[in-house]
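J.: Here you go, this is final.pdb (PDB, C-alpha atoms (C1' of nucleotides)).
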```pdb
MODEL        1
ATOM      1  CA  MET F   7    -176.635-172.432 177.003
ATOM      2  CA  PRO F   8    -175.866-168.880 176.235
ATOM      3  CA  GLU F   9    -178.828-166.602 176.742
ATOM      4  CA  LEU F  10    -178.796-163.713 179.194
ATOM      5  CA  PRO F  11    -178.706-165.790 182.414
ATOM      6  CA  GLU F  12    -175.933-168.067 181.180
ATOM      7  CA  VAL F  13    -173.880-165.095 180.036
ATOM      8  CA  GLU F  14    -174.466-163.325 183.345
ATOM      9  CA  ALA F  15    -173.267-166.446 185.179
ATOM     10  CA  ALA F  16    -170.112-166.445 183.049
ATOM     11  CA  ARG F  17    -169.562-162.753 183.735
ATOM     12  CA  ARG F  18    -169.871-163.305 187.474
ATOM     13  CA  LEU F  19    -167.407-166.154 187.350
ATOM     14  CA  ALA F  20    -164.956-164.041 185.369
ATOM     15  CA  ASP F  21    -165.413-161.196 187.826
ATOM     16  CA  ARG F  22    -164.795-163.432 190.821
ATOM     17  CA  VAL F  23    -161.642-164.898 189.363
ATOM     18  CA  LEU F  24    -160.107-162.036 187.407
ATOM     19  CA  ALA F  25    -161.212-158.677 188.802
ATOM     20  CA  GLY F  26    -158.262-156.812 190.240
ATOM     21  CA  ARG F  27    -155.819-159.255 188.661
ATOM     22  CA  ARG F  28    -153.071-158.713 186.164
ATOM     23  CA  LEU F  29    -153.095-161.025 183.156
ATOM     24  CA  GLU F  30    -149.780-162.766 183.218
ATOM     25  CA  ARG F  31    -150.247-164.967 180.207
ATOM     26  CA  VAL F  32    -152.766-164.784 177.352
ATOM     27  CA  ARG F  33    -153.047-167.421 174.654
ATOM     28  CA  ALA F  34    -155.361-167.031 171.680
ATOM     29  CA  ALA F  35    -156.224-169.874 169.350
ATOM     30  CA  ARG F  36    -155.683-169.632 165.631
ATOM     31  CA  ASP F  37    -159.266-168.917 164.582
ATOM     32  CA  SER F  38    -159.841-165.830 162.489
ATOM     33  CA  LEU F  39    -163.583-166.500 162.413
ATOM     34  CA  VAL F  40    -164.075-166.356 166.179
ATOM     35  CA  PHE F  41    -161.559-163.518 166.506
ATOM     36  CA  ASP F  42    -163.228-161.662 163.655
ATOM     37  CA  GLY F  43    -160.029-161.375 161.666
ATOM     38  CA  ALA F  44    -157.680-160.563 164.523
ATOM     39  CA  SER F  45    -154.511-162.626 164.728
ATOM     40  CA  PRO F  46    -153.678-164.682 167.823
ATOM     41  CA  ARG F  47    -150.560-162.581 168.337
ATOM     42  CA  SER F  48    -152.376-159.236 168.230
ATOM     43  CA  VAL F  49    -154.955-160.425 170.764
ATOM     44  CA  SER F  50    -152.338-161.818 173.081
ATOM     45  CA  ARG F  51    -150.193-158.698 172.822
ATOM     46  CA  ALA F  52    -153.124-156.384 173.519
ATOM     47  CA  LEU F  53    -154.053-158.137 176.769
ATOM     48  CA  THR F  54    -150.873-159.522 178.280
ATOM     49  CA  GLY F  55    -149.673-157.527 181.254
ATOM     50  CA  ARG F  56    -152.904-155.543 181.542
ATOM     51  CA  THR F  57    -154.997-155.552 184.696
ATOM     52  CA  VAL F  58    -158.690-156.489 184.745
ATOM     53  CA  THR F  59    -160.461-153.796 186.722
ATOM     54  CA  GLY F  60    -163.950-155.280 186.410
ATOM     55  CA  THR F  61    -166.503-156.889 184.126
ATOM     56  CA  ASP F  62    -169.673-155.760 182.424
ATOM     57  CA  ARG F  63    -172.462-157.151 180.261
ATOM     58  CA  HIS F  64    -175.211-156.043 177.935
ATOM     59  CA  GLY F  65    -177.564-158.679 176.591
ATOM     60  CA  LYS F  66    -175.553-161.693 175.479
ATOM     61  CA  GLN F  67    -172.285-159.784 175.236
ATOM     62  CA  PHE F  68    -169.934-159.451 178.171
ATOM     63  CA  TRP F  69    -166.496-158.007 178.525
ATOM     64  CA  LEU F  70    -163.556-157.489 180.807
ATOM     65  CA  VAL F  71    -162.878-153.890 181.749
ATOM     66  CA  MET F  72    -159.138-153.263 181.527
ATOM     67  CA  ASP F  73    -156.917-150.696 183.235
ATOM     68  CA  ARG F  74    -155.839-149.433 179.822
ATOM     69  CA  GLY F  75    -155.915-150.561 176.221
ATOM     70  CA  PRO F  76    -158.742-152.475 174.594
ATOM     71  CA  CYS F  77    -161.268-154.652 176.421
ATOM     72  CA  PRO F  78    -162.057-158.178 175.215
ATOM     73  CA  ILE F  79    -165.751-158.583 174.395
ATOM     74  CA  PHE F  80    -167.164-162.095 174.382
ATOM     75  CA  HIS F  81    -170.193-163.404 172.562
ATOM     76  CA  PHE F  82    -170.852-167.107 172.968
ATOM     77  CA  GLY F  83    -172.967-167.770 169.890
ATOM     78  CA  MET F  84    -174.777-171.104 170.228
ATOM     79  CA  THR F  85    -172.090-173.096 171.953
ATOM     80  CA  GLY F  86    -169.646-170.903 173.819
ATOM     81  CA  SER F  87    -168.838-170.903 177.494
ATOM     82  CA  LEU F  88    -166.291-169.835 180.043
ATOM     83  CA  VAL F  89    -164.577-172.463 182.137
ATOM     84  CA  LEU F  90    -162.297-172.354 185.105
ATOM     85  CA  LEU F  91    -159.166-174.452 184.718
ATOM     86  CA  SER F  92    -157.309-176.053 187.555
ATOM     87  CA  ASP F  93    -153.567-175.907 187.930
ATOM     88  CA  GLY F  94    -151.744-177.902 185.292
ATOM     89  CA  GLU F  95    -154.925-178.876 183.486
ATOM     90  CA  PRO F  96    -154.379-178.918 179.702
ATOM     91  CA  SER F  97    -156.270-176.470 177.513
ATOM     92  CA  PRO F  98    -159.768-177.841 176.979
ATOM     93  CA  ARG F  99    -161.006-179.016 173.603
ATOM     94  CA  PHE F 100    -162.332-176.150 171.436
ATOM     95  CA  TRP F 101    -160.522-173.519 173.516
ATOM     96  CA  LYS F 102    -160.307-170.077 171.909
ATOM     97  CA  LEU F 103    -158.761-167.867 174.565
ATOM     98  CA  GLU F 104    -156.935-168.771 177.732
ATOM     99  CA  LEU F 105    -156.097-166.271 180.451
ATOM    100  CA  ARG F 106    -153.800-166.783 183.414
ATOM    101  CA  ALA F 107    -153.961-164.243 186.184
ATOM    102  CA  ASP F 108    -151.092-163.207 188.444
ATOM    103  CA  CYS F 109    -152.610-165.272 191.259
ATOM    104  CA  GLY F 110    -152.329-168.385 189.120
ATOM    105  CA  ALA F 111    -156.041-168.687 188.324
ATOM    106  CA  ARG F 112    -156.754-169.850 184.778
ATOM    107  CA  VAL F 113    -159.849-169.267 182.708
ATOM    108  CA  ALA F 114    -160.679-170.340 179.157
ATOM    109  CA  ILE F 115    -163.288-169.317 176.635
ATOM    110  CA  ILE F 116    -164.336-172.344 174.615
ATOM    111  CA  ASN F 117    -166.555-172.586 171.553
ATOM    112  CA  LYS F 118    -167.488-175.771 169.786
ATOM    113  CA  ARG F 119    -169.318-174.525 166.729
ATOM    114  CA  ARG F 120    -167.488-171.260 166.156
ATOM    115  CA  LEU F 121    -170.546-169.053 165.848
ATOM    116  CA  GLY F 122    -169.344-166.969 168.799
ATOM    117  CA  ARG F 123    -166.995-163.988 168.615
ATOM    118  CA  ILE F 124    -164.195-162.497 170.657
ATOM    119  CA  ARG F 125    -163.434-158.898 169.787
ATOM    120  CA  LEU F 126    -161.307-156.110 171.215
ATOM    121  CA  ALA F 127    -162.735-152.637 171.709
ATOM    122  CA  GLU F 128    -161.497-149.519 173.463
ATOM    123  CA  ASP F 129    -165.031-148.590 174.468
ATOM    124  CA  PRO F 130    -167.283-151.673 174.387
ATOM    125  CA  ARG F 131    -170.559-149.813 174.812
ATOM    126  CA  ARG F 132    -169.820-147.691 171.754
ATOM    127  CA  SER F 133    -168.613-150.564 169.607
ATOM    128  CA  PRO F 134    -170.858-151.269 166.629
ATOM    129  CA  HIS F 135    -171.928-154.672 167.910
ATOM    130  CA  LEU F 136    -173.291-153.270 171.142
ATOM    131  CA  SER F 137    -174.574-149.893 170.062
ATOM    132  CA  ARG F 138    -177.470-151.387 168.137
ATOM    133  CA  LEU F 139    -178.761-153.501 171.013
ATOM    134  CA  GLY F 140    -182.004-152.717 172.781
ATOM    135  CA  PHE F 141    -182.538-152.567 176.544
ATOM    136  CA  ASP F 142    -181.084-155.250 178.764
ATOM    137  CA  PRO F 143    -184.220-156.757 180.334
ATOM    138  CA  TYR F 144    -182.394-157.865 183.480
ATOM    139  CA  LEU F 145    -180.602-154.599 184.204
ATOM    140  CA  ASP F 146    -182.945-152.055 182.613
ATOM    141  CA  LEU F 147    -186.441-153.389 182.042
ATOM    142  CA  PRO F 148    -188.629-150.504 180.835
ATOM    143  CA  SER F 149    -191.600-149.494 182.926
ATOM    144  CA  PRO F 150    -195.062-150.611 181.739
ATOM    145  CA  ARG F 151    -195.831-147.713 179.454
ATOM    146  CA  PRO F 152    -192.693-147.563 177.309
ATOM    147  CA  PHE F 153    -192.693-151.364 177.150
ATOM    148  CA  ARG F 154    -196.280-151.373 175.895
ATOM    149  CA  GLU F 155    -195.614-148.611 173.397
ATOM    150  CA  ALA F 156    -192.575-150.360 171.992
ATOM    151  CA  LEU F 157    -194.572-153.542 171.386
ATOM    152  CA  ALA F 158    -197.505-151.663 169.896
ATOM    153  CA  ARG F 159    -195.262-150.482 167.047
ATOM    154  CA  ARG F 160    -194.365-154.011 165.983
ATOM    155  CA  LYS F 161    -196.386-156.112 163.573
ATOM    156  CA  ALA F 162    -194.219-159.220 163.760
ATOM    157  CA  PRO F 163    -195.181-162.232 165.906
ATOM    158  CA  VAL F 164    -194.571-161.409 169.549
ATOM    159  CA  LYS F 165    -192.004-164.183 169.783
ATOM    160  CA  ALA F 166    -190.010-162.711 166.897
ATOM    161  CA  VAL F 167    -190.031-159.343 168.657
ATOM    162  CA  LEU F 168    -188.780-160.895 171.897
ATOM    163  CA  LEU F 169    -185.935-162.510 169.965
ATOM    164  CA  ASP F 170    -185.020-159.248 168.237
ATOM    165  CA  GLN F 171    -181.865-158.072 169.997
ATOM    166  CA  SER F 172    -182.543-154.468 169.031
ATOM    167  CA  PHE F 173    -185.729-154.747 171.098
ATOM    168  CA  ALA F 174    -184.613-156.687 174.179
ATOM    169  CA  ALA F 175    -180.961-157.700 174.297
ATOM    170  CA  GLY F 176    -180.334-161.093 175.825
ATOM    171  CA  VAL F 177    -183.612-162.896 175.228
ATOM    172  CA  GLY F 178    -183.069-166.113 173.303
ATOM    173  CA  ASN F 179    -185.164-169.005 172.150
ATOM    174  CA  TRP F 180    -185.899-170.773 175.418
ATOM    175  CA  ILE F 181    -186.524-167.568 177.364
ATOM    176  CA  ALA F 182    -188.962-166.288 174.749
ATOM    177  CA  ASP F 183    -190.911-169.567 174.832
ATOM    178  CA  GLU F 184    -190.848-169.699 178.627
ATOM    179  CA  VAL F 185    -192.080-166.165 179.094
ATOM    180  CA  LEU F 186    -194.884-166.549 176.547
ATOM    181  CA  TYR F 187    -195.970-169.816 178.137
ATOM    182  CA  GLN F 188    -196.070-168.298 181.600
ATOM    183  CA  ALA F 189    -197.885-165.230 180.296
ATOM    184  CA  GLY F 190    -200.482-167.366 178.487
ATOM    185  CA  ILE F 191    -199.803-165.740 175.106
ATOM    186  CA  ALA F 192    -199.501-167.692 171.852
ATOM    187  CA  PRO F 193    -196.106-167.066 170.201
ATOM    188  CA  PHE F 194    -197.471-166.311 166.722
ATOM    189  CA  ARG F 195    -199.727-163.425 167.745
ATOM    190  CA  ARG F 196    -198.710-160.062 166.381
ATOM    191  CA  ALA F 197    -197.187-157.863 169.054
ATOM    192  CA  CYS F 198    -199.413-154.945 168.099
ATOM    193  CA  ASP F 199    -202.555-157.030 168.691
ATOM    194  CA  LEU F 200    -201.855-157.809 172.335
ATOM    195  CA  ALA F 201    -204.098-156.267 174.986
ATOM    196  CA  PRO F 202    -202.463-153.929 177.533
ATOM    197  CA  GLU F 203    -203.027-156.440 180.346
ATOM    198  CA  GLU F 204    -201.377-159.177 178.321
ATOM    199  CA  ILE F 205    -198.360-156.982 177.673
ATOM    200  CA  GLU F 206    -198.012-156.172 181.343
ATOM    201  CA  THR F 207    -198.191-159.866 182.235
ATOM    202  CA  LEU F 208    -195.551-160.547 179.614
ATOM    203  CA  ARG F 209    -193.308-157.826 181.028
ATOM    204  CA  ARG F 210    -193.616-159.206 184.545
ATOM    205  CA  ARG F 211    -192.928-162.747 183.441
ATOM    206  CA  LEU F 212    -189.891-161.598 181.526
ATOM    207  CA  ARG F 213    -188.645-159.983 184.722
ATOM    208  CA  SER F 214    -189.393-162.944 186.971
ATOM    209  CA  VAL F 215    -187.979-165.610 184.653
ATOM    210  CA  LEU F 216    -184.718-163.695 184.275
ATOM    211  CA  LYS F 217    -184.484-162.926 187.961
ATOM    212  CA  LYS F 218    -184.954-166.571 188.883
ATOM    213  CA  ALA F 219    -182.612-167.940 186.216
ATOM    214  CA  VAL F 220    -179.861-165.496 187.160
ATOM    215  CA  SER F 221    -180.351-166.174 190.876
ATOM    216  CA  VAL F 222    -179.518-169.856 190.382
ATOM    217  CA  ASP F 223    -176.528-169.056 188.132
ATOM    218  CA  ALA F 224    -178.430-170.328 185.098
ATOM    219  CA  ASP F 225    -178.253-173.867 186.499
ATOM    220  CA  SER F 226    -181.305-175.323 184.787
ATOM    221  CA  ASP F 227    -181.618-178.145 187.317
ATOM    222  CA  ARG F 228    -182.610-175.441 189.780
ATOM    223  CA  PHE F 229    -185.254-173.828 187.576
ATOM    224  CA  PRO F 230    -188.750-174.346 189.016
ATOM    225  CA  ARG F 231    -190.337-177.651 188.039
ATOM    226  CA  SER F 232    -193.314-175.748 186.642
ATOM    227  CA  TRP F 233    -191.234-174.208 183.852
ATOM    228  CA  LEU F 234    -191.758-175.272 180.259
ATOM    229  CA  PHE F 235    -187.967-175.317 179.968
ATOM    230  CA  HIS F 236    -187.677-178.845 181.319
ATOM    231  CA  SER F 237    -189.846-180.407 178.627
ATOM    232  CA  ARG F 238    -189.272-178.254 175.551
ATOM    233  CA  TRP F 239    -186.133-179.891 174.158
ATOM    234  CA  GLY F 240    -185.811-182.297 171.280
ATOM    235  CA  ARG F 241    -189.077-181.530 169.536
ATOM    236  CA  VAL F 242    -190.493-184.743 170.891
ATOM    237  CA  ALA F 243    -193.930-185.729 169.572
ATOM    238  CA  GLY F 244    -196.410-186.110 172.400
ATOM    239  CA  ALA F 245    -194.262-184.113 174.829
ATOM    240  CA  ARG F 246    -196.019-182.787 177.913
ATOM    241  CA  THR F 247    -195.212-180.214 180.560
ATOM    242  CA  GLY F 248    -194.655-181.244 184.169
ATOM    243  CA  ARG F 249    -198.322-180.395 184.686
ATOM    244  CA  GLY F 250    -199.403-182.795 181.946
ATOM    245  CA  GLU F 251    -200.232-180.155 179.322
ATOM    246  CA  ALA F 252    -199.581-181.125 175.692
ATOM    247  CA  ILE F 253    -196.699-179.273 174.033
ATOM    248  CA  GLU F 254    -196.791-178.382 170.341
ATOM    249  CA  PHE F 255    -193.918-177.290 168.118
ATOM    250  CA  LEU F 256    -193.925-174.675 165.380
ATOM    251  CA  THR F 257    -191.492-172.387 163.651
ATOM    252  CA  VAL F 258    -191.928-168.733 164.604
ATOM    253  CA  GLY F 259    -189.398-166.017 163.922
ATOM    254  CA  GLY F 260    -187.326-168.638 162.159
ATOM    255  CA  ARG F 261    -186.866-170.671 165.319
ATOM    256  CA  THR F 262    -188.263-173.861 166.746
ATOM    257  CA  THR F 263    -190.980-172.791 169.117
ATOM    258  CA  ALA F 264    -192.471-174.881 171.898
ATOM    259  CA  TRP F 265    -195.882-173.808 173.141
ATOM    260  CA  VAL F 266    -198.860-175.141 175.032
ATOM    261  CA  PRO F 267    -202.111-174.538 173.134
ATOM    262  CA  SER F 268    -204.273-175.266 176.174
ATOM    263  CA  ALA F 269    -202.526-172.525 178.172
ATOM    264  CA  GLN F 270    -201.693-169.911 175.540
ATOM    265  CA  GLU F 271    -204.035-167.959 173.296
TER
ATOM    266  C1'  DC U   1    -176.378-190.088 155.964
ATOM    267  C1'  DT U   2    -179.416-186.403 157.368
ATOM    268  C1'  DC U   3    -180.925-182.919 160.150
ATOM    269  C1'  DA U   4    -181.787-179.897 164.081
ATOM    270  C1'  DG U   5    -179.751-176.449 166.865
ATOM    271  C1'  DT U   6    -179.600-172.180 173.270
ATOM    272  C1'  DG U   7    -177.337-167.080 167.737
ATOM    273  C1'  DT U   8    -176.385-163.289 164.402
ATOM    274  C1'  DT U   9    -176.090-161.319 159.873
ATOM    275  C1'  DC U  10    -177.365-160.231 155.438
ATOM    276  C1'  DA U  11    -179.956-160.345 151.044
ATOM    277  C1'  DG U  12    -184.416-160.016 149.304
ATOM    278  C1'  DT U  13    -189.258-158.535 149.566
ATOM    279  C1'  DG U  14    -193.144-155.524 150.126
TER
ATOM    280  C1'  DT C   1    -185.954-146.190 154.502
ATOM    281  C1'  DC C   2    -188.209-149.498 157.265
ATOM    282  C1'  DA C   3    -190.088-153.857 158.974
ATOM    283  C1'  DC C   4    -189.923-158.293 158.276
ATOM    284  C1'  DT C   5    -188.570-163.105 156.553
ATOM    285  C1'  DG C   6    -185.680-166.764 155.471
ATOM    286  C1'  DA C   7    -181.289-168.539 154.290
ATOM    287  C1'  DA C   8    -176.525-168.875 155.407
ATOM    288  C1'  DC C   9    -172.958-169.513 158.554
ATOM    289  C1'  DA C  10    -170.036-173.873 161.356
ATOM    290  C1'  DC C  11    -169.950-178.066 163.308
ATOM    291  C1'  DT C  12    -171.407-181.682 166.603
ATOM    292  C1'  DG C  13    -174.334-185.130 168.071
ATOM    293  C1'  DA C  14    -178.656-187.646 167.731
TER
ENDMDL
END
```
Output the structure of this file as structure tokens.
T.:
Amino acid sequence: MPELPEVEAARRLADRVLAGRRLERVRAARDSLVFDGASPRSVSRALTGRTVTGTDRHGKQFWLVMDRGPCPIFHFGMTGSLVLLSDGEPSPRFWKLELRADCGARVAIINKRRLGRIRLAEDPRRSPHLSRLGFDPYLDLPSPRPFREALARRKAPVKAVLLDQSFAAGVGNWIADEVLYQAGIAPFRRACDLAPEEIETLRRRLRSVLKKAVSVDADSDRFPRSWLFHSRWGRVAGARTGRGEAIEFLTVGGRTTAWVPSAQE
DNA sequence: CTCAGTGTTCAGTG
DNA sequence: TCACTGAACACTGA
């Protein structure tokens, strides 16, 4: 589930539970892939006893801001999430990092397929994995002109550009498909060929889809029934939207792409 | 058994 | 050097 809205929901949960709290106990799993080479002991030692002063996010990366020392930066990959643990509950399956705050609250980062990463950085925004990201479309959506100009420079399919994290950080596969569907733009069209009005519609849909998804804590059951989201999964032949429109599947930008030919051109 | 998959990175190409 | 593409990565579940 981890695109911008899901990550923002995780950040808010972490903020609610951990902000202002001292980390009393920190356990890191033995997983040098997810920890990018760092040992469980070094991670635990760097965080134990520190106080979480806040949280922050850019695109699909979020982190805990610490009173001193390095901040843990989380990236969920395809299958990561943050879960709240109740008192005495055993560590969940696929847990990678477990934090217990001084108030007793427990939180775990889990990751089933290990494509996510947990890294430590003194200054997250300057760390190499964040410094190359483009604008965060929820926090800092460019105004119409710079947005249009940025797209006009790109020859790749518009969907591939939306997925490019150095363009817009946080847009993933379902958001790109959703926004293009709602904007009435076919995913394979080159970004530089779009008309100015199409680009502005795209920009507005990007804003509204993110705003709505974040406002319901990324709980997809609460996404509007009109969204393509509800019928795009599984690559089912003959799939239709809630409005009865036929859905087609293609590969664009290396990803499975759901689109509605009768509504997108 | 095979394959797709909500993500990123890196090698190869033009 | 740049923009872009496609494969690789890891592993579960259909």
J.: Using the chain letters and numbers from the file, which residues does the PyMOL selection byres ((chain U) within 12 of (chain F)) grab, as a PyMOL selection string?
T.: chain U and resi 4-9
J.: Can you write out the residues you just picked, keeping C-alpha atoms (C1' of nucleotides), as a PDB file, in the frame of the given file?
T.:
```pdb
ATOM      1  C1'  DA U   4    -181.787-179.897 164.081  1.00  0.00           C
ATOM      2  C1'  DG U   5    -179.751-176.449 166.865  1.00  0.00           C
ATOM      3  C1'  DT U   6    -179.600-172.180 173.270  1.00  0.00           C
ATOM      4  C1'  DG U   7    -177.337-167.080 167.737  1.00  0.00           C
ATOM      5  C1'  DT U   8    -176.385-163.289 164.402  1.00  0.00           C
ATOM      6  C1'  DT U   9    -176.090-161.319 159.873  1.00  0.00           C
TER       7       DT U   9
END
```
J.: Any idea what the distance is between atom CA of Val113 of chain F and atom CA of Asp129 of chain F?
T.: 22.9 Å
J.: Please check the contacts: residues of chain F at most 12 Å away from chain C, using all atoms listed in the file, listed as number ranges by chain.
T.: F: 39-40, 83-85, 100, 117-122, 159-163, 166-167, 170, 240, 257-261
J.: Using the chain letters and numbers from the file, give me the residues hit by the PyMOL selection byres ((chain F and resi 91) around 10), as a PyMOL selection string.
T.: chain F and resi 88-90+92-98+104-106+111-114
J.: One number please: atom CA of Glu128 of chain F to atom CA of Val49 of chain F, in Å, one decimal.
T.: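 Here the two named atoms are 13.0 Å from each other.
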J.: Set the distance at 9 Å and use all atoms listed in the file: which residues neighbour Asp37 of chain F once local chain neighbours fewer than 4 positions away are removed? I'd like the list as a list in words.
T.: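 Counting all atoms listed in the file, the residues come to Phe41, Asp42, Gly43, Ala44, Ser45, Pro46, Lys102 and Arg120 of chain F.
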